[in-house]
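Coordinates from start-v9.txt are shown below (compact mmCIF, C-alpha atoms).
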# COMPACT_ATOMS: atom_id res chain seq x y z
CA MET G 1 -20.01 55.01 57.56
CA LYS G 2 -20.74 51.27 57.49
CA LYS G 3 -23.73 51.84 55.22
CA VAL G 4 -21.52 53.69 52.72
CA MET G 5 -18.76 51.05 52.77
CA ILE G 6 -21.06 48.12 51.91
CA PRO G 7 -22.15 49.55 48.52
CA ILE G 8 -18.57 50.58 47.74
CA LEU G 9 -17.27 47.11 48.59
CA SER G 10 -20.10 45.51 46.61
CA ALA G 11 -19.34 47.70 43.60
CA GLY G 12 -15.63 46.91 43.92
CA ALA G 13 -16.37 43.19 44.12
CA GLY G 14 -18.63 43.50 41.06
CA VAL G 15 -15.91 45.29 39.11
CA LEU G 16 -13.35 42.64 40.08
CA ALA G 17 -15.76 39.83 39.16
CA GLY G 18 -16.46 41.51 35.81
CA MET G 19 -12.75 41.90 35.13
CA ALA G 20 -12.12 38.24 35.99
CA ALA G 21 -14.99 37.08 33.78
CA GLY G 22 -13.79 39.32 30.94
CA ALA G 23 -10.26 38.01 31.26
CA GLY G 24 -11.56 34.43 31.26
CA LEU G 25 -13.66 35.04 28.14
CA THR G 26 -10.77 36.78 26.42
CA LYS G 27 -8.48 33.86 27.22
CA LYS G 28 -11.07 31.36 25.96
CA ALA G 29 -11.58 33.34 22.74
CA SER G 30 -7.83 33.64 22.32
CA ASN G 31 -7.34 29.89 22.80
CA THR G 32 -10.11 29.18 20.29
CA GLU G 33 -8.49 31.52 17.78
CA ILE G 34 -5.09 29.93 18.32
CA ALA G 35 -6.58 26.46 17.80
CA LYS G 36 -8.23 27.60 14.54
CA GLU G 37 -4.98 29.13 13.30
CA ARG G 38 -3.04 25.98 14.23
CA GLU G 39 -5.55 23.81 12.33
CA MET G 40 -5.27 26.06 9.26
CA ALA G 41 -1.46 25.89 9.43
CA GLU G 42 -1.58 22.08 9.64
CA LYS G 43 -4.04 21.94 6.75
CA HIS G 44 -1.86 24.13 4.57
CA LEU G 45 1.28 22.19 5.46
CA ALA G 46 -0.42 18.93 4.45
CA LEU G 47 -1.53 20.53 1.18
CA PHE G 48 1.97 21.89 0.53
CA LEU G 49 3.58 18.50 1.13
CA MET G 50 1.08 16.81 -1.18
CA MET G 51 1.65 19.39 -3.91
CA ASN G 52 5.42 19.00 -3.48
CA ARG G 53 5.02 15.24 -3.97
CA TRP G 54 2.95 15.94 -7.07
CA VAL G 55 5.81 17.99 -8.54
CA GLU G 56 8.24 15.13 -7.75
CA VAL G 57 5.93 12.65 -9.50
CA LYS G 58 5.59 14.94 -12.50
CA GLN G 59 9.37 15.36 -12.69
CA GLN G 60 9.61 11.56 -12.84
CA GLY G 61 7.30 11.61 -15.87
CA LYS G 62 4.34 10.13 -13.99
CA SER G 63 0.78 11.32 -13.50
CA PRO G 64 -2.24 10.48 -11.32
CA ALA G 65 -3.80 9.29 -14.60
CA ASP G 66 -1.26 6.43 -14.64
CA TYR G 67 -2.56 5.18 -11.30
CA LEU G 68 -6.22 5.64 -12.23
CA LEU G 69 -5.90 3.85 -15.55
CA THR G 70 -3.94 0.99 -13.97
CA LYS G 71 -6.83 0.52 -11.52
CA LYS G 72 -9.33 0.81 -14.42
CA TYR G 73 -10.89 4.00 -13.01
CA GLN G 74 -11.91 5.68 -16.25
CA THR G 75 -14.71 7.92 -14.96
CA ILE G 76 -14.18 9.76 -11.69
CA ALA G 77 -15.52 12.56 -9.55
CA ILE G 78 -13.23 14.95 -7.70
CA TYR G 79 -14.05 15.98 -4.14
CA GLY G 80 -12.57 19.39 -3.28
CA MET G 81 -12.59 21.87 -6.12
CA SER G 82 -10.10 24.37 -4.77
CA TYR G 83 -6.47 24.60 -5.96
CA ALA G 84 -5.61 20.89 -5.94
CA GLY G 85 -8.97 19.96 -7.47
CA GLU G 86 -8.51 22.47 -10.28
CA ARG G 87 -5.01 21.17 -10.98
CA LEU G 88 -6.25 17.58 -11.04
CA VAL G 89 -8.97 18.44 -13.57
CA GLU G 90 -6.30 20.00 -15.82
CA GLU G 91 -3.88 17.10 -15.27
CA LEU G 92 -6.48 14.56 -16.36
CA LYS G 93 -7.52 16.33 -19.58
CA ASN G 94 -6.75 14.14 -22.61
CA SER G 95 -5.47 11.35 -20.34
CA GLY G 96 -8.13 8.71 -20.90
CA VAL G 97 -9.69 9.50 -17.50
CA THR G 98 -12.96 11.43 -17.60
CA VAL G 99 -13.86 13.76 -14.73
CA SER G 100 -17.63 13.39 -14.61
CA TYR G 101 -18.24 16.10 -11.99
CA GLY G 102 -16.81 17.86 -8.97
CA ILE G 103 -18.02 17.71 -5.39
CA ASP G 104 -17.54 20.61 -2.99
CA LYS G 105 -19.26 21.88 0.16
CA LYS G 106 -19.21 25.34 -1.41
CA ALA G 107 -20.53 24.13 -4.78
CA GLY G 108 -22.55 27.30 -5.36
CA GLY G 109 -19.43 29.44 -5.12
CA VAL G 110 -17.16 27.30 -7.28
CA TYR G 111 -16.53 28.56 -10.79
CA SER G 112 -15.77 25.71 -13.14
CA ASP G 113 -16.44 24.61 -16.70
CA MET G 114 -17.80 21.34 -15.34
CA GLU G 115 -20.68 20.52 -13.03
CA VAL G 116 -19.89 20.91 -9.32
CA VAL G 117 -22.38 19.56 -6.80
CA SER G 118 -22.67 19.63 -3.03
CA PRO G 119 -21.96 16.40 -1.09
CA GLU G 120 -25.56 16.62 0.14
CA ASP G 121 -26.87 16.42 -3.44
CA GLY G 122 -27.63 13.17 -5.21
CA LEU G 123 -24.25 11.89 -6.38
CA ARG G 124 -23.94 9.88 -9.58
CA GLU G 125 -21.96 6.66 -9.54
CA VAL G 126 -18.46 6.80 -10.98
CA ASP G 127 -15.53 4.39 -10.95
CA ALA G 128 -13.89 6.31 -8.06
CA VAL G 129 -13.98 9.59 -6.17
CA ILE G 130 -10.61 11.29 -5.74
CA VAL G 131 -10.42 13.49 -2.64
CA THR G 132 -8.15 16.52 -2.81
CA SER G 133 -9.26 17.83 0.61
CA ILE G 134 -6.80 15.47 2.27
CA PHE G 135 -6.93 17.09 5.72
CA PHE G 136 -10.55 15.96 6.10
CA MET G 137 -10.19 12.63 4.30
CA ASP G 138 -11.62 10.39 7.03
CA GLU G 139 -14.86 12.31 7.46
CA ILE G 140 -15.28 12.79 3.69
CA GLU G 141 -14.74 9.09 3.04
CA LYS G 142 -17.25 8.18 5.72
CA ALA G 143 -19.90 10.56 4.32
CA LEU G 144 -19.40 9.48 0.71
CA SER G 145 -19.35 5.75 1.44
CA VAL G 146 -22.97 6.04 2.56
CA LYS G 147 -23.97 7.60 -0.77
CA LEU G 148 -21.72 5.83 -3.28
CA SER G 149 -20.51 2.27 -3.80
CA CYS G 150 -17.23 3.22 -5.53
CA PRO G 151 -13.80 3.62 -3.89
CA VAL G 152 -13.05 6.98 -2.25
CA ILE G 153 -9.31 7.62 -2.63
CA SER G 154 -7.08 10.38 -1.36
CA LEU G 155 -5.04 12.19 -4.01
CA GLU G 156 -2.18 12.07 -1.52
CA ASP G 157 -2.31 8.26 -1.43
CA ILE G 158 -2.32 8.13 -5.22
CA LEU G 159 0.75 10.37 -5.42
CA TYR G 160 2.70 8.29 -2.90
CA GLU G 161 1.81 5.04 -4.70
CA LEU G 162 3.21 6.29 -8.01
As structure tokens - that is how I would like this structure written.
Amino acid sequence: MKKVMIPILSAGAGVLAGMAAGAGLTKKASNTEIAKEREMAEKHLALFLMMNRWVEVKQQGKSPADYLLTKKYQTIAIYGMSYAGERLVEELKNSGVTVSYGIDKKAGGVYSDMEVVSPEDGLREVDAVIVTSIFFMDEIEKALSVKLSCPVISLEDILYEL
């Protein structure tokens, strides 16, 4: 009887250990997923608040072009060619500010009438780079400052200075 009990107990212990490990992995995966979802929510909230400010500025009859021209930034690049980047390109048409090119990590998948390059590519000098990916501003600014000598400015900062 003892010989039969040992394998049964060992199997039971193995099942319990497997269940505990599975529960631990599930919890870890769940926590990772929650953290990713929280980061996305924070990113989208920041983008929403910036876009709301942009509407306020526009309702006051102002434009990011006003800021750029005041600072004598006539030729710029835009980092982040998603929704805010596309809107900024349109906003600056016929404003006296030329958008030389766009910069985006997913440059190959961005459909635009203008050139869009990856941040890893050789970047041409411009008067300033305007960053629309505001949630990642610090790391983008750090990466671009190694490659370019011009100011790297957050679109959010521009909108709040108008």
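The space between atom CA of G:Glu161 and atom CA of G:Lys43 spans 21.2 Å.
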For stretch 61-75 of chain G, work out the shell of residues within 6 Å, counting all atoms listed in the file and skipping chain neighbours fewer than 4 positions away, then give it as a PDB file with C-alpha atoms, in the coordinates of the input.
ATOM      1  CA  VAL G  57       5.930  12.650  -9.500  1.00  0.00           C
ATOM      2  CA  VAL G  97      -9.690   9.500 -17.500  1.00  0.00           C
ATOM      3  CA  THR G  98     -12.960  11.430 -17.600  1.00  0.00           C
ATOM      4  CA  VAL G  99     -13.860  13.760 -14.730  1.00  0.00           C
ATOM      5  CA  VAL G 126     -18.460   6.800 -10.980  1.00  0.00           C
ATOM      6  CA  ASP G 127     -15.530   4.390 -10.950  1.00  0.00           C
TER       7      ASP G 127
END
| request: Taking the point (-10.8, 14.5, -8.3) as given in the file, collect each protein or nucleic acid residue that comes within 10 Å of it, counting only C-alpha atoms, and present the set as a PyMOL selection string. | output: chain G and resi 64+76-81+84-89+92+99-103+128-133+152-155
Can I get the selected residues back with C-alpha atoms, as a tab-separated table (two decimals), in the coordinates of the input?
chain	number	residue	atom	x	y	z
G	64	PRO	CA	-2.24	10.48	-11.32
G	76	ILE	CA	-14.18	9.76	-11.69
G	77	ALA	CA	-15.52	12.56	-9.55
G	78	ILE	CA	-13.23	14.95	-7.70
G	79	TYR	CA	-14.05	15.98	-4.14
G	80	GLY	CA	-12.57	19.39	-3.28
G	81	MET	CA	-12.59	21.87	-6.12
G	84	ALA	CA	-5.61	20.89	-5.94
G	85	GLY	CA	-8.97	19.96	-7.47
G	86	GLU	CA	-8.51	22.47	-10.28
G	87	ARG	CA	-5.01	21.17	-10.98
G	88	LEU	CA	-6.25	17.58	-11.04
G	89	VAL	CA	-8.97	18.44	-13.57
G	92	LEU	CA	-6.48	14.56	-16.36
G	99	VAL	CA	-13.86	13.76	-14.73
G	100	SER	CA	-17.63	13.39	-14.61
G	101	TYR	CA	-18.24	16.10	-11.99
G	102	GLY	CA	-16.81	17.86	-8.97
G	103	ILE	CA	-18.02	17.71	-5.39
G	128	ALA	CA	-13.89	6.31	-8.06
G	129	VAL	CA	-13.98	9.59	-6.17
G	130	ILE	CA	-10.61	11.29	-5.74
G	131	VAL	CA	-10.42	13.49	-2.64
G	132	THR	CA	-8.15	16.52	-2.81
G	133	SER	CA	-9.26	17.83	0.61
G	152	VAL	CA	-13.05	6.98	-2.25
G	153	ILE	CA	-9.31	7.62	-2.63
G	154	SER	CA	-7.08	10.38	-1.36
G	155	LEU	CA	-5.04	12.19	-4.01
| task | For atom CA of G:Lys36 and atom CA of G:Asp104, determine how far apart the two atoms are, in Å to one decimal place. | result |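 If I compute the distance from atom CA of G:Lys36 to atom CA of G:Asp104, I get 21.0 Å.
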| request: Could you jot down the atom CA of G:Ser118 to atom CA of G:Pro151 separation for me, Å, one decimal place? | output: 18.3 Å
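Proximity ranking of G:Arg124, G:Glu115, G:Leu162, G:Glu141 relative to G:Gln59 places G:Leu162 first, based on only C-alpha atoms.
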| task | Name all residues at most 12 Å from G:Met50 (count all atoms listed in the file; drop same-chain ones fewer than 2 positions away) and give them as a PyMOL selection string. | result | chain G and resi 43-48+52-57+83-84+132-135+154-160
Let me have the centre and edge lengths in Å, one decimal, of the box along x, y and z around every listed atom of stretch 84-93 of chain G with 4 Å of margin on each side, as AutoDock Vina command-line options.
--center_x -6.4 --center_y 18.5 --center_z -12.8 --size_x 13.1 --size_y 15.9 --size_z 21.6
| Residue among G:Ala107, G:Leu148, G:Met137, G:Ala143 lying closest to G:Leu123, counting all atoms listed in the file |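 Among G:Ala107, G:Leu148, G:Met137, G:Ala143, it is G:Leu148 that comes nearest to G:Leu123.
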